[in-house]
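protein_27.csv follows; it contains CSV, C-alpha atoms.
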chain,number,residue,atom,x,y,z
X,1,MET,CA,220.0,51.6,228.7
X,2,SER,CA,221.6,50.4,225.5
X,3,HIS,CA,220.1,48.8,222.4
X,4,ALA,CA,221.6,46.6,219.6
X,5,ILE,CA,220.4,48.2,216.3
X,6,SER,CA,221.0,47.6,212.7
X,7,MET,CA,220.1,49.6,209.7
X,8,THR,CA,221.1,50.2,206.1
X,9,VAL,CA,223.0,53.4,205.5
X,10,ASN,CA,223.8,54.3,201.9
X,11,GLY,CA,223.2,50.7,200.9
X,12,ARG,CA,225.6,49.3,203.5
X,13,SER,CA,224.3,47.2,206.4
X,14,VAL,CA,225.5,48.5,209.8
X,15,SER,CA,225.1,47.3,213.3
X,16,ALA,CA,225.9,48.9,216.6
X,17,THR,CA,225.0,49.2,220.2
X,18,VAL,CA,223.7,52.6,221.1
X,19,GLU,CA,222.2,54.3,224.2
X,20,SER,CA,218.5,55.3,224.1
X,21,ARG,CA,219.5,58.9,223.9
X,22,THR,CA,221.8,58.6,220.9
X,23,LEU,CA,220.6,60.9,218.2
X,24,LEU,CA,220.6,59.8,214.5
X,25,THR,CA,223.1,62.7,213.8
X,26,GLU,CA,225.4,61.4,216.5
X,27,PHE,CA,225.2,57.9,215.2
X,28,LEU,CA,226.0,59.0,211.7
X,29,ARG,CA,228.7,61.4,212.5
X,30,ASP,CA,230.4,59.7,215.5
X,31,ASN,CA,229.9,56.0,215.0
X,32,LEU,CA,229.9,55.9,211.2
X,33,ARG,CA,232.1,59.0,210.6
X,34,LEU,CA,229.7,60.2,208.0
X,35,THR,CA,230.3,63.9,208.8
X,36,GLY,CA,228.7,65.2,205.6
X,37,THR,CA,225.5,65.4,207.7
X,38,HIS,CA,225.9,68.7,209.6
X,39,VAL,CA,224.5,69.8,212.9
X,40,GLY,CA,223.6,73.5,212.7
X,41,CYS,CA,221.0,74.4,215.3
X,42,ASP,CA,220.4,71.0,217.0
X,43,THR,CA,216.8,72.3,217.6
X,44,SER,CA,215.1,71.0,214.4
X,45,GLN,CA,214.9,74.4,212.8
X,46,CYS,CA,217.8,74.8,210.3
X,47,GLY,CA,217.7,71.5,208.3
X,48,ALA,CA,221.5,71.2,207.9
X,49,CYS,CA,221.1,67.6,209.4
X,50,THR,CA,218.5,66.5,206.8
X,51,VAL,CA,218.8,62.9,205.7
X,52,HIS,CA,216.3,60.4,204.2
X,53,VAL,CA,214.8,57.7,206.4
X,54,ASN,CA,212.8,55.1,204.4
X,55,GLY,CA,212.7,57.5,201.4
X,56,LYS,CA,211.5,60.6,203.4
X,57,SER,CA,213.4,63.6,204.4
X,58,VAL,CA,213.8,64.0,208.2
X,59,LYS,CA,215.9,66.1,210.6
X,60,SER,CA,218.3,63.7,212.0
X,61,CYS,CA,219.0,65.8,215.0
X,62,THR,CA,215.4,65.2,216.1
X,63,MET,CA,215.3,61.4,215.7
X,64,LEU,CA,216.8,58.8,218.0
X,65,ALA,CA,219.1,56.3,216.4
X,66,VAL,CA,217.1,53.5,218.0
X,67,GLN,CA,214.0,54.7,216.2
X,68,CYS,CA,215.8,53.9,212.9
X,69,ASP,CA,216.4,50.2,213.8
X,70,GLY,CA,215.6,48.3,210.6
X,71,ALA,CA,215.4,51.5,208.5
X,72,GLU,CA,217.0,52.5,205.2
X,73,VAL,CA,219.0,55.7,205.7
X,74,LEU,CA,220.4,57.8,202.9
X,75,THR,CA,222.9,60.6,203.6
X,76,ILE,CA,224.7,63.1,201.4
X,77,GLU,CA,227.6,60.6,201.1
X,78,GLY,CA,225.3,58.1,199.4
X,79,LEU,CA,224.4,60.3,196.4
X,80,ALA,CA,227.6,60.4,194.3
X,81,ASN,CA,228.6,57.4,192.2
X,82,GLY,CA,232.4,57.5,192.8
X,83,GLU,CA,233.7,60.7,191.2
X,84,ASP,CA,230.4,61.2,189.4
X,85,LEU,CA,228.2,63.7,191.3
X,86,HIS,CA,224.4,63.1,191.6
X,87,PRO,CA,222.5,65.4,189.2
X,88,MET,CA,221.3,67.5,192.1
X,89,GLN,CA,224.8,67.9,193.5
X,90,LYS,CA,226.1,68.8,190.1
X,91,ALA,CA,223.3,71.4,189.7
X,92,PHE,CA,224.3,73.0,193.0
X,93,ASN,CA,227.9,73.1,191.7
X,94,ASP,CA,227.0,74.4,188.3
X,95,HIS,CA,224.7,77.1,189.6
X,96,HIS,CA,226.8,77.9,192.7
X,97,GLY,CA,223.9,77.2,195.0
X,98,LEU,CA,226.0,77.9,198.1
X,99,GLN,CA,228.5,80.2,199.6
X,100,CYS,CA,230.0,78.8,202.8
X,101,GLY,CA,228.5,75.3,202.1
X,102,PHE,CA,227.4,74.4,205.6
X,103,CYS,CA,223.7,74.1,204.8
X,104,THR,CA,224.3,72.5,201.5
X,105,PRO,CA,224.1,68.8,202.4
X,106,GLY,CA,220.7,69.4,204.0
X,107,MET,CA,219.6,71.6,201.1
X,108,VAL,CA,220.5,68.8,198.6
X,109,MET,CA,218.7,66.2,200.6
X,110,SER,CA,215.5,68.3,200.8
X,111,ALA,CA,215.8,69.2,197.2
X,112,LEU,CA,215.7,65.5,196.3
X,113,GLU,CA,212.3,65.3,197.9
X,114,VAL,CA,211.1,68.4,196.0
X,115,ALA,CA,212.3,66.8,192.8
X,116,ASP,CA,210.7,63.4,193.6
X,117,GLY,CA,208.0,63.1,190.9
X,118,ASN,CA,208.3,66.7,189.9
X,119,SER,CA,210.9,67.5,187.2
X,120,ASP,CA,209.6,71.1,186.8
X,121,PRO,CA,209.1,72.5,190.3
X,122,SER,CA,207.7,76.1,190.6
X,123,ASP,CA,209.2,78.7,192.9
X,124,GLU,CA,206.3,78.0,195.3
X,125,ASP,CA,207.1,74.2,195.2
X,126,ILE,CA,210.7,75.0,196.1
X,127,ALA,CA,209.9,77.6,198.7
X,128,LYS,CA,207.5,75.1,200.4
X,129,GLY,CA,209.9,72.2,200.0
X,130,LEU,CA,212.9,74.1,201.4
X,131,ALA,CA,211.0,75.9,204.2
X,132,GLY,CA,212.8,73.7,206.8
X,133,ASN,CA,216.3,74.5,205.5
X,134,TYR,CA,218.1,77.7,206.3
X,135,CYS,CA,220.9,79.3,204.3
X,136,ARG,CA,222.3,82.4,205.9
X,137,CYS,CA,224.7,83.3,203.1
X,138,THR,CA,223.2,83.2,199.6
X,139,GLY,CA,219.8,84.8,199.6
X,140,TYR,CA,218.5,81.6,198.0
X,141,GLU,CA,218.5,82.8,194.3
X,142,ASN,CA,221.1,80.3,193.1
X,143,ILE,CA,219.7,77.6,195.3
X,144,TYR,CA,216.3,78.0,193.4
X,145,ARG,CA,218.2,77.8,190.1
X,146,ALA,CA,220.1,74.7,191.2
X,147,VAL,CA,217.0,72.9,192.4
X,148,LYS,CA,215.2,73.6,189.1
X,149,ALA,CA,218.2,72.4,187.1
X,150,GLY,CA,218.7,69.4,189.3
X,151,ALA,CA,215.0,68.4,189.1
X,152,LYS,CA,215.1,68.7,185.4
X,153,ALA,CA,218.3,66.6,185.1
X,154,MET,CA,216.8,64.0,187.4
X,155,GLY,CA,213.6,63.8,185.3
X,156,SER,CA,215.4,63.3,182.0
Z,1,MET,CA,220.8,64.6,226.5
Z,2,TYR,CA,220.1,62.7,229.8
Z,3,ASN,CA,219.5,59.0,229.4
Z,4,PHE,CA,216.2,57.2,229.7
Z,5,ASP,CA,214.8,53.8,229.0
Z,6,TYR,CA,213.3,53.2,225.5
Z,7,GLU,CA,211.0,50.5,224.4
Z,8,LYS,CA,209.4,50.0,221.0
Z,9,ALA,CA,205.8,48.8,221.3
Z,10,ALA,CA,204.4,46.3,218.8
Z,11,SER,CA,200.7,47.2,219.6
Z,12,ALA,CA,198.6,49.8,221.4
Z,13,ASP,CA,197.9,47.2,224.1
Z,14,ASP,CA,201.6,46.5,224.6
Z,15,ALA,CA,202.3,50.3,224.8
Z,16,VAL,CA,199.6,50.8,227.5
Z,17,LYS,CA,200.8,47.8,229.4
Z,18,ALA,CA,204.4,49.0,229.3
Z,19,ALA,CA,203.3,52.4,230.5
Z,20,GLY,CA,201.4,51.0,233.4
Z,21,GLY,CA,199.6,54.3,234.0
Z,22,SER,CA,202.8,55.9,235.3
Z,23,ASP,CA,203.4,59.6,235.3
Z,24,ASP,CA,207.1,59.0,234.5
Z,25,VAL,CA,206.5,57.4,231.2
Z,26,MET,CA,205.9,59.2,227.9
Z,27,PHE,CA,204.7,57.9,224.5
Z,28,LEU,CA,206.9,58.8,221.5
Z,29,ALA,CA,205.3,58.9,218.1
Z,30,GLY,CA,207.1,61.3,215.6
Z,31,GLY,CA,209.1,62.9,218.4
Z,32,MET,CA,208.8,66.4,216.8
Z,33,THR,CA,208.0,67.9,220.1
Z,34,LEU,CA,209.1,65.3,222.6
Z,35,ILE,CA,212.7,65.0,221.4
Z,36,PRO,CA,213.4,68.7,221.6
Z,37,THR,CA,211.7,68.7,225.0
Z,38,LEU,CA,213.9,65.9,226.2
Z,39,LYS,CA,217.0,67.8,225.0
Z,40,LEU,CA,216.0,70.8,227.0
Z,41,ARG,CA,215.0,68.6,230.0
Z,42,LEU,CA,211.6,70.3,230.0
Z,43,SER,CA,210.4,66.7,230.5
Z,44,GLN,CA,212.5,64.0,232.0
Z,45,PRO,CA,210.5,60.7,231.8
Z,46,GLU,CA,212.2,57.6,233.1
Z,47,LYS,CA,211.0,55.7,230.1
Z,48,VAL,CA,209.9,56.5,226.6
Z,49,ILE,CA,207.6,54.1,224.7
Z,50,ASP,CA,207.8,54.3,220.9
Z,51,VAL,CA,204.4,54.0,219.4
Z,52,GLY,CA,205.4,55.4,216.0
Z,53,SER,CA,205.6,52.1,214.2
Z,54,ILE,CA,202.4,50.4,215.4
Z,55,ALA,CA,200.7,49.4,212.2
Z,56,ASP,CA,197.2,49.5,213.7
Z,57,MET,CA,197.7,53.1,214.6
Z,58,LYS,CA,198.6,54.2,211.1
Z,59,GLY,CA,196.4,54.9,208.1
Z,60,ILE,CA,193.3,56.7,207.0
Z,61,THR,CA,189.8,55.2,206.4
Z,62,VAL,CA,186.7,56.8,205.1
Z,63,SER,CA,183.5,55.1,206.2
Z,64,GLY,CA,180.2,56.8,205.4
Z,65,ASP,CA,180.4,60.3,206.7
Z,66,THR,CA,183.4,59.8,208.9
Z,67,VAL,CA,187.2,60.1,208.2
Z,68,THR,CA,189.2,58.1,210.8
Z,69,ILE,CA,192.9,58.8,211.1
Z,70,GLY,CA,195.2,56.5,213.0
Z,71,ALA,CA,197.0,58.4,215.8
Z,72,ALA,CA,200.5,57.5,214.4
Z,73,THR,CA,199.6,58.8,210.9
Z,74,THR,CA,202.0,61.6,209.8
Z,75,HIS,CA,201.0,65.1,208.8
Z,76,ALA,CA,202.5,64.4,205.3
Z,77,ASP,CA,200.3,61.3,204.9
Z,78,VAL,CA,197.2,63.3,205.9
Z,79,ALA,CA,198.1,66.2,203.6
Z,80,GLY,CA,198.8,63.9,200.7
Z,81,SER,CA,195.8,61.5,201.1
Z,82,SER,CA,193.4,61.7,198.2
Z,83,ASP,CA,190.7,60.3,200.5
Z,84,VAL,CA,191.1,63.3,202.9
Z,85,GLN,CA,191.5,65.7,200.1
Z,86,LYS,CA,188.2,64.5,198.7
Z,87,ALA,CA,186.2,64.1,202.0
Z,88,ILE,CA,187.6,67.0,204.0
Z,89,PRO,CA,189.9,69.2,201.9
Z,90,ALA,CA,190.2,71.7,204.8
Z,91,LEU,CA,191.8,69.0,206.9
Z,92,ALA,CA,194.4,68.1,204.2
Z,93,LYS,CA,195.1,71.8,203.8
Z,94,LEU,CA,195.6,72.2,207.6
Z,95,ALA,CA,198.1,69.3,207.7
Z,96,SER,CA,200.0,70.7,204.7
Z,97,LEU,CA,200.6,73.9,206.6
Z,98,ILE,CA,202.1,72.3,209.7
Z,99,GLY,CA,205.9,73.0,210.3
Z,100,ASP,CA,208.0,72.1,207.3
Z,101,GLN,CA,208.4,69.0,205.0
Z,102,GLN,CA,210.8,67.2,207.3
Z,103,VAL,CA,208.5,67.8,210.3
Z,104,ARG,CA,205.4,66.7,208.4
Z,105,ASN,CA,207.2,63.5,207.4
Z,106,ARG,CA,207.7,62.6,211.1
Z,107,GLY,CA,205.0,64.4,213.2
Z,108,THR,CA,201.7,62.6,213.9
Z,109,ILE,CA,198.2,63.7,214.6
Z,110,GLY,CA,198.0,61.8,217.9
Z,111,GLY,CA,201.2,63.3,219.1
Z,112,SER,CA,200.1,66.8,218.1
Z,113,ILE,CA,196.8,66.7,220.0
Z,114,ALA,CA,198.2,64.8,223.0
Z,115,ASN,CA,200.8,67.6,223.4
Z,116,ALA,CA,198.1,70.3,223.1
Z,117,ASP,CA,200.4,73.1,222.2
Z,118,PRO,CA,198.3,76.2,222.2
Z,119,ALA,CA,199.8,77.2,218.8
Z,120,ALA,CA,199.4,73.8,217.1
Z,121,ASP,CA,197.2,73.5,214.0
Z,122,TYR,CA,195.3,70.2,214.6
Z,123,PRO,CA,193.4,71.3,217.7
Z,124,ALA,CA,191.5,73.8,215.5
Z,125,ALA,CA,190.3,70.8,213.5
Z,126,VAL,CA,189.5,68.6,216.5
Z,127,VAL,CA,187.3,71.4,217.9
Z,128,GLY,CA,186.1,73.0,214.7
Z,129,LEU,CA,185.1,69.8,213.0
Z,130,GLY,CA,183.7,68.2,216.1
Z,131,ALA,CA,186.1,65.2,216.1
Z,132,THR,CA,186.0,62.2,218.4
Z,133,VAL,CA,189.3,61.2,220.0
Z,134,LYS,CA,189.6,57.5,220.5
Z,135,THR,CA,191.9,56.1,223.2
Z,136,ASN,CA,192.8,52.6,224.4
Z,137,LYS,CA,189.8,52.9,226.8
Z,138,ARG,CA,187.2,55.4,225.7
Z,139,GLU,CA,186.0,58.0,223.3
Z,140,ILE,CA,186.4,61.7,224.1
Z,141,ALA,CA,184.4,64.4,222.3
Z,142,GLY,CA,186.6,67.0,220.6
Z,143,ASP,CA,184.9,69.8,222.6
Z,144,ASP,CA,186.0,68.1,225.9
Z,145,PHE,CA,189.5,67.1,224.9
Z,146,PHE,CA,191.6,70.3,225.4
Z,147,THR,CA,191.4,71.4,229.0
Z,148,ALA,CA,194.1,74.0,229.4
Z,149,MET,CA,197.5,75.0,228.0
Z,150,PHE,CA,199.4,71.8,227.2
Z,151,GLU,CA,196.6,69.9,229.2
Z,152,THR,CA,194.1,67.4,227.9
Z,153,ALA,CA,191.5,65.1,229.2
Z,154,LEU,CA,194.0,62.2,228.8
Z,155,GLU,CA,194.9,60.3,232.0
Z,156,PRO,CA,198.5,59.1,232.7
Z,157,GLY,CA,199.2,56.1,230.5
Z,158,GLU,CA,196.2,56.6,228.3
Z,159,LEU,CA,197.0,56.4,224.6
Z,160,ILE,CA,195.3,58.0,221.7
Z,161,THR,CA,194.7,55.3,219.0
Z,162,SER,CA,192.7,57.3,216.4
Z,163,VAL,CA,190.9,60.5,215.7
Z,164,SER,CA,187.5,60.5,213.8
Z,165,PHE,CA,186.2,63.5,211.9
Z,166,PRO,CA,182.6,63.8,210.7
Z,167,VAL,CA,182.6,65.0,207.1
Z,168,PRO,CA,181.2,68.5,207.1
Z,169,GLU,CA,179.1,70.0,204.3
Z,170,ALA,CA,181.9,72.5,203.7
Z,171,ALA,CA,184.9,73.8,205.7
Z,172,ASP,CA,188.0,75.9,205.4
Z,173,TYR,CA,191.1,76.5,207.6
Z,174,GLN,CA,192.9,79.9,207.6
Z,175,LYS,CA,196.1,80.5,209.5
Z,176,LEU,CA,198.3,83.4,210.4
Z,177,ALA,CA,201.6,81.6,210.7
Z,178,ASN,CA,204.5,82.9,212.8
Z,179,PRO,CA,207.1,83.6,210.1
Z,180,ALA,CA,209.9,82.1,212.1
Z,181,SER,CA,208.4,79.0,213.6
Z,182,GLY,CA,205.4,78.3,211.3
Z,183,TYR,CA,203.2,77.8,214.4
Z,184,ALA,CA,199.8,79.4,214.3
Z,185,MET,CA,199.6,82.8,215.9
Z,186,VAL,CA,196.0,82.4,215.1
Z,187,GLY,CA,194.3,79.5,213.2
Z,188,VAL,CA,190.6,79.2,212.5
Z,189,MET,CA,188.6,76.3,211.2
Z,190,VAL,CA,185.1,77.2,210.0
Z,191,ALA,CA,182.8,74.2,209.2
Z,192,LYS,CA,179.2,74.0,207.9
Z,193,THR,CA,177.7,70.9,209.3
Z,194,LYS,CA,174.2,69.4,209.4
Z,195,ASP,CA,174.0,70.4,213.0
Z,196,GLY,CA,175.1,74.0,212.4
Z,197,VAL,CA,178.1,76.2,212.0
Z,198,ARG,CA,181.3,75.4,214.0
Z,199,VAL,CA,184.3,77.7,214.4
Z,200,GLY,CA,187.4,76.2,216.0
Z,201,VAL,CA,190.2,78.5,217.0
Z,202,THR,CA,193.8,77.7,217.9
Z,203,GLY,CA,196.9,79.8,218.6
Z,204,ALA,CA,194.8,82.6,220.2
Z,205,GLY,CA,194.1,81.3,223.7
Z,206,PRO,CA,195.7,78.9,226.2
Z,207,SER,CA,194.0,76.0,224.3
Z,208,ALA,CA,191.8,75.5,221.3
Z,209,PHE,CA,188.2,76.8,221.7
Z,210,ARG,CA,185.0,77.4,219.8
Z,211,ALA,CA,184.2,81.0,218.9
Z,212,SER,CA,180.6,80.9,219.8
Z,213,ALA,CA,179.9,84.5,219.0
Z,214,ILE,CA,181.0,84.0,215.4
Z,215,GLU,CA,179.1,80.7,215.2
Z,216,ASP,CA,175.9,82.5,216.2
Z,217,ALA,CA,176.5,85.3,213.7
Z,218,LEU,CA,177.2,82.8,210.9
Z,219,ALA,CA,174.1,80.7,211.8
Z,220,LYS,CA,172.0,83.8,211.0
Z,221,ASP,CA,174.0,84.9,208.0
Z,222,PHE,CA,176.7,82.8,206.5
Z,223,SER,CA,178.8,85.6,205.0
Z,224,SER,CA,182.3,86.9,205.5
Z,225,GLU,CA,180.8,90.3,206.5
Z,226,ALA,CA,178.9,88.6,209.3
Z,227,ALA,CA,182.1,86.9,210.6
Z,228,LYS,CA,184.1,90.1,210.2
Z,229,GLY,CA,181.5,92.1,212.1
Z,230,VAL,CA,181.9,90.1,215.3
Z,231,THR,CA,184.2,91.7,217.9
Z,232,MET,CA,185.8,88.9,219.8
Z,233,PRO,CA,186.7,89.5,223.5
Z,234,ALA,CA,190.4,89.7,224.1
Z,235,ASP,CA,190.3,89.1,227.9
Z,236,ASP,CA,191.5,85.5,228.0
Z,237,LEU,CA,193.7,85.5,224.9
Z,238,ASN,CA,197.4,85.1,224.7
Z,239,ASN,CA,199.5,88.3,224.9
Z,240,ASP,CA,203.2,87.7,224.0
Z,241,LEU,CA,206.0,89.0,221.9
Z,242,HIS,CA,204.5,87.7,218.8
Z,243,ALA,CA,201.1,89.4,219.1
Z,244,THR,CA,199.0,91.3,221.6
Z,245,ALA,CA,195.7,89.8,222.8
Z,246,ASP,CA,193.7,92.5,221.0
Z,247,TYR,CA,195.5,91.7,217.7
Z,248,ARG,CA,194.7,88.1,218.1
Z,249,ALA,CA,191.1,88.8,218.8
Z,250,SER,CA,190.9,90.9,215.7
Z,251,CYS,CA,192.6,88.1,213.7
Z,252,ILE,CA,190.0,85.5,214.8
Z,253,SER,CA,187.2,87.5,213.1
Z,254,THR,CA,189.4,88.3,210.0
Z,255,LEU,CA,190.5,84.7,209.5
Z,256,ALA,CA,187.0,83.4,210.1
Z,257,ALA,CA,185.8,85.8,207.4
Z,258,ARG,CA,188.4,84.6,205.0
Z,259,ALA,CA,187.4,81.0,205.7
Z,260,VAL,CA,183.8,81.8,205.0
Z,261,LYS,CA,184.8,83.5,201.7
Z,262,ALA,CA,186.8,80.5,200.7
Z,263,ILE,CA,183.9,78.2,201.4
Z,264,GLY,CA,181.8,80.5,199.2
Written form, structure tokens:
Amino acid sequence: MSHAISMTVNGRSVSATVESRTLLTEFLRDNLRLTGTHVGCDTSQCGACTVHVNGKSVKSCTMLAVQCDGAEVLTIEGLANGEDLHPMQKAFNDHHGLQCGFCTPGMVMSALEVADGNSDPSDEDIAKGLAGNYCRCTGYENIYRAVKAGAKAMGS
Amino acid sequence: MYNFDYEKAASADDAVKAAGGSDDVMFLAGGMTLIPTLKLRLSQPEKVIDVGSIADMKGITVSGDTVTIGAATTHADVAGSSDVQKAIPALAKLASLIGDQQVRNRGTIGGSIANADPAADYPAAVVGLGATVKTNKREIAGDDFFTAMFETALEPGELITSVSFPVPEAADYQKLANPASGYAMVGVMVAKTKDGVRVGVTGAGPSAFRASAIEDALAKDFSSEAAKGVTMPADDLNNDLHATADYRASCISTLAARAVKAIG
């Protein structure tokens, strides 16, 4: 069974015909070639596939593309303004909040929700906000520093 | 993933009509359990009916001594609701402890209790607070809703539309979360109500239940010592790689005691 869907992705209107079973990750990566959204576990645990749907962070491996018909979707590719990184991306760069980088798109997308209305998140806020995102390289110390700096920069 | 038919329902009536009482149809709300289950082919419905965007099934209303939550309301909306935080803070706390932020942004109360996972959090509130589950055709008492592991009183094609919680005098929820999954290895809701003390337990048995021995002890003496002093039988409790039945039995009393202490 296929469905004609349309949605806004990173400010751009897109339309496509998808099967019922097409996941949002598959739609973003295979149809739109937006491969910044990563698939780590494909079981809604690791958070590498985190994007925003209607302003809220979701795991796009656990959402059907057809469920997003009419929605506004924001992916990691939608953050930078040309060559200018988003403050949260810049903070991850400045504080080296990554090692291999595979989890980073999801980390940044979740960090944006942590920073939403909170320019000074505590360690606890960050631990709770990033509980659905796994990094297997860094030990998280620099990720915490990056989220704090990013939230501060976004608030100013 | 295998393919299936998908239909987005505009109203609860449309959803029920589209389901037609069939066993081969499943309702999709947040999809936090159903989509992983479809991927694994643990369930293979012919058709999935999306009830997640039905406006009448979303939102929270407080009327007198009752908090009513639409079945398609997300955990994040319950956790962040100032109305719920004011009327039943223990319920907002419980919702804030489910899964992670991304899961709370999608998962719904109706989906959680319809799935009846033995380790889900909401069943402790449905049983512990004495909720009423409203469906398209009837009202089901919280005490009668969970019948066995992943089994409920719902009939094929029956759709939960809302869940109503009577406001207790005081309540608290305590949870021992699995560090990997976040699911409750044991979760306990203790509520002081005008009709007495209720203790709802999730995670410990095949489905949520009331710990009547602790309720009796707390009715006589509402103290954490009284709760801690009850030895819960381990006979029918879950015994798996996460915890033994004896450990879970012990946790029920300990978490109930912590909840009583938090209520003060």
- Name the residues in contact with Z:Ala10 at a cut-off of 10 Å, using all atoms listed in the file, excluding same-chain residues fewer than 3 positions from it; report them as a list in words.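 Neighbouring residues, sequence-local ones excluded: Glu7, Asp13, Asp14, Ala15, Asp50, Val51, Gly52, Ser53, Ile54, Ala55 and Asp56 of chain Z.
Take the candidates Z:Leu255, Z:Ala12, Z:Ile60, Z:Leu28 and check each one against chain X using only C-alpha atoms; the shortest distance goes to Z:Leu28.
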- Task: Go through Z:Gly264, Z:Gly182, Z:Gly130, Z:Gly20 and flag the residue nearest Z:Pro166, using all atoms listed in the file for the distances.
- Result: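 Residue with the minimum atom-to-atom distance to Z:Pro166: Z:Gly130.
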- Among the residues X:Ser119, X:Thr8, X:Ser57, X:Thr25, the one that comes closest to chain Z [using only C-alpha atoms]: X:Ser57
List the spatial neighbours of X:Cys103 as a short mmCIF file (atom, residue, chain, number, x, y, z; two decimals) with C-alpha atoms, in the frame of the given file - criterion: any atom at most 7 Å away, only C-alpha atoms, same-chain residues fewer than 2 positions off excluded.
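Dumped everything to part.cif:
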data_model
loop_
_atom_site.label_atom_id
_atom_site.label_comp_id
_atom_site.auth_asym_id
_atom_site.auth_seq_id
_atom_site.Cartn_x
_atom_site.Cartn_y
_atom_site.Cartn_z
CA ALA X 48 221.50 71.20 207.90
CA GLY X 101 228.50 75.30 202.10
CA PRO X 105 224.10 68.80 202.40
CA GLY X 106 220.70 69.40 204.00
CA MET X 107 219.60 71.60 201.10
CA TYR X 134 218.10 77.70 206.30
CA CYS X 135 220.90 79.30 204.30
#
- Report the distance between atom CA of Z:Phe4 and atom CA of Z:Gly107 in Å, rounded to one decimal place. 21.2 Å
- Test item: chain Z residues at most 6 Å from chain X, counting all atoms listed in the file, as an NGL selection string: :Z and (3 or 5-6 or 35 or 100 or 102)
- To one decimal in Å, tell me the separation between atom CA of Z:Thr74 and atom CA of X:Ile143.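 Computed distance, atom CA of Z:Thr74 to atom CA of X:Ile143, equals 27.9 Å.
Here atom CA of Z:Ala79 is placed at a distance of 7.6 Å from atom CA of Z:Leu91.
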- May I have the residues within 7 Å of stretch 98-100 of chain X as number ranges by chain, using all atoms listed in the file and disregarding those fewer than 2 positions away in the same chain? X: 96, 102, 104, 137-138, 143
- Message: Please return as number ranges by chain every residue within 8 Å of (194.2, 58.9, 216.5), taking into account all atoms listed in the file and the file's own coordinates.
- Response: Z: 57, 68-73, 109-110, 133-135, 160-164
- What lies within 9 Å of stretch 68-81 of chain X using only C-alpha atoms, ignoring chain neighbours under 2 positions off, as a ChimeraX atom specification? /X:4-11,24,28,34-37,50-55,63-66,83-89,105-106,108-109
Who sits within 12 Å of Z:Val199, only C-alpha atoms, same chain under 2 positions skipped, as a PDB file with C-alpha atoms, in the frame of the given file:
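What follows is the written file around.pdb:
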ATOM      1  CA  PRO Z 123     193.400  71.300 217.700  1.00  0.00           C
ATOM      2  CA  ALA Z 124     191.500  73.800 215.500  1.00  0.00           C
ATOM      3  CA  ALA Z 125     190.300  70.800 213.500  1.00  0.00           C
ATOM      4  CA  VAL Z 126     189.500  68.600 216.500  1.00  0.00           C
ATOM      5  CA  VAL Z 127     187.300  71.400 217.900  1.00  0.00           C
ATOM      6  CA  GLY Z 128     186.100  73.000 214.700  1.00  0.00           C
ATOM      7  CA  LEU Z 129     185.100  69.800 213.000  1.00  0.00           C
ATOM      8  CA  GLY Z 130     183.700  68.200 216.100  1.00  0.00           C
ATOM      9  CA  ASP Z 143     184.900  69.800 222.600  1.00  0.00           C
ATOM     10  CA  ALA Z 171     184.900  73.800 205.700  1.00  0.00           C
ATOM     11  CA  ASP Z 172     188.000  75.900 205.400  1.00  0.00           C
ATOM     12  CA  TYR Z 173     191.100  76.500 207.600  1.00  0.00           C
ATOM     13  CA  GLN Z 174     192.900  79.900 207.600  1.00  0.00           C
ATOM     14  CA  GLY Z 187     194.300  79.500 213.200  1.00  0.00           C
ATOM     15  CA  VAL Z 188     190.600  79.200 212.500  1.00  0.00           C
ATOM     16  CA  MET Z 189     188.600  76.300 211.200  1.00  0.00           C
ATOM     17  CA  VAL Z 190     185.100  77.200 210.000  1.00  0.00           C
ATOM     18  CA  ALA Z 191     182.800  74.200 209.200  1.00  0.00           C
ATOM     19  CA  LYS Z 192     179.200  74.000 207.900  1.00  0.00           C
ATOM     20  CA  THR Z 193     177.700  70.900 209.300  1.00  0.00           C
ATOM     21  CA  GLY Z 196     175.100  74.000 212.400  1.00  0.00           C
ATOM     22  CA  VAL Z 197     178.100  76.200 212.000  1.00  0.00           C
ATOM     23  CA  VAL Z 201     190.200  78.500 217.000  1.00  0.00           C
ATOM     24  CA  THR Z 202     193.800  77.700 217.900  1.00  0.00           C
ATOM     25  CA  ALA Z 208     191.800  75.500 221.300  1.00  0.00           C
ATOM     26  CA  PHE Z 209     188.200  76.800 221.700  1.00  0.00           C
ATOM     27  CA  ARG Z 210     185.000  77.400 219.800  1.00  0.00           C
ATOM     28  CA  ALA Z 211     184.200  81.000 218.900  1.00  0.00           C
ATOM     29  CA  SER Z 212     180.600  80.900 219.800  1.00  0.00           C
ATOM     30  CA  ALA Z 213     179.900  84.500 219.000  1.00  0.00           C
ATOM     31  CA  ILE Z 214     181.000  84.000 215.400  1.00  0.00           C
ATOM     32  CA  GLU Z 215     179.100  80.700 215.200  1.00  0.00           C
ATOM     33  CA  ASP Z 216     175.900  82.500 216.200  1.00  0.00           C
ATOM     34  CA  ALA Z 217     176.500  85.300 213.700  1.00  0.00           C
ATOM     35  CA  LEU Z 218     177.200  82.800 210.900  1.00  0.00           C
ATOM     36  CA  ALA Z 219     174.100  80.700 211.800  1.00  0.00           C
ATOM     37  CA  ALA Z 227     182.100  86.900 210.600  1.00  0.00           C
ATOM     38  CA  ILE Z 252     190.000  85.500 214.800  1.00  0.00           C
ATOM     39  CA  SER Z 253     187.200  87.500 213.100  1.00  0.00           C
ATOM     40  CA  LEU Z 255     190.500  84.700 209.500  1.00  0.00           C
ATOM     41  CA  ALA Z 256     187.000  83.400 210.100  1.00  0.00           C
ATOM     42  CA  ALA Z 257     185.800  85.800 207.400  1.00  0.00           C
ATOM     43  CA  ALA Z 259     187.400  81.000 205.700  1.00  0.00           C
ATOM     44  CA  VAL Z 260     183.800  81.800 205.000  1.00  0.00           C
TER      45      VAL Z 260
END
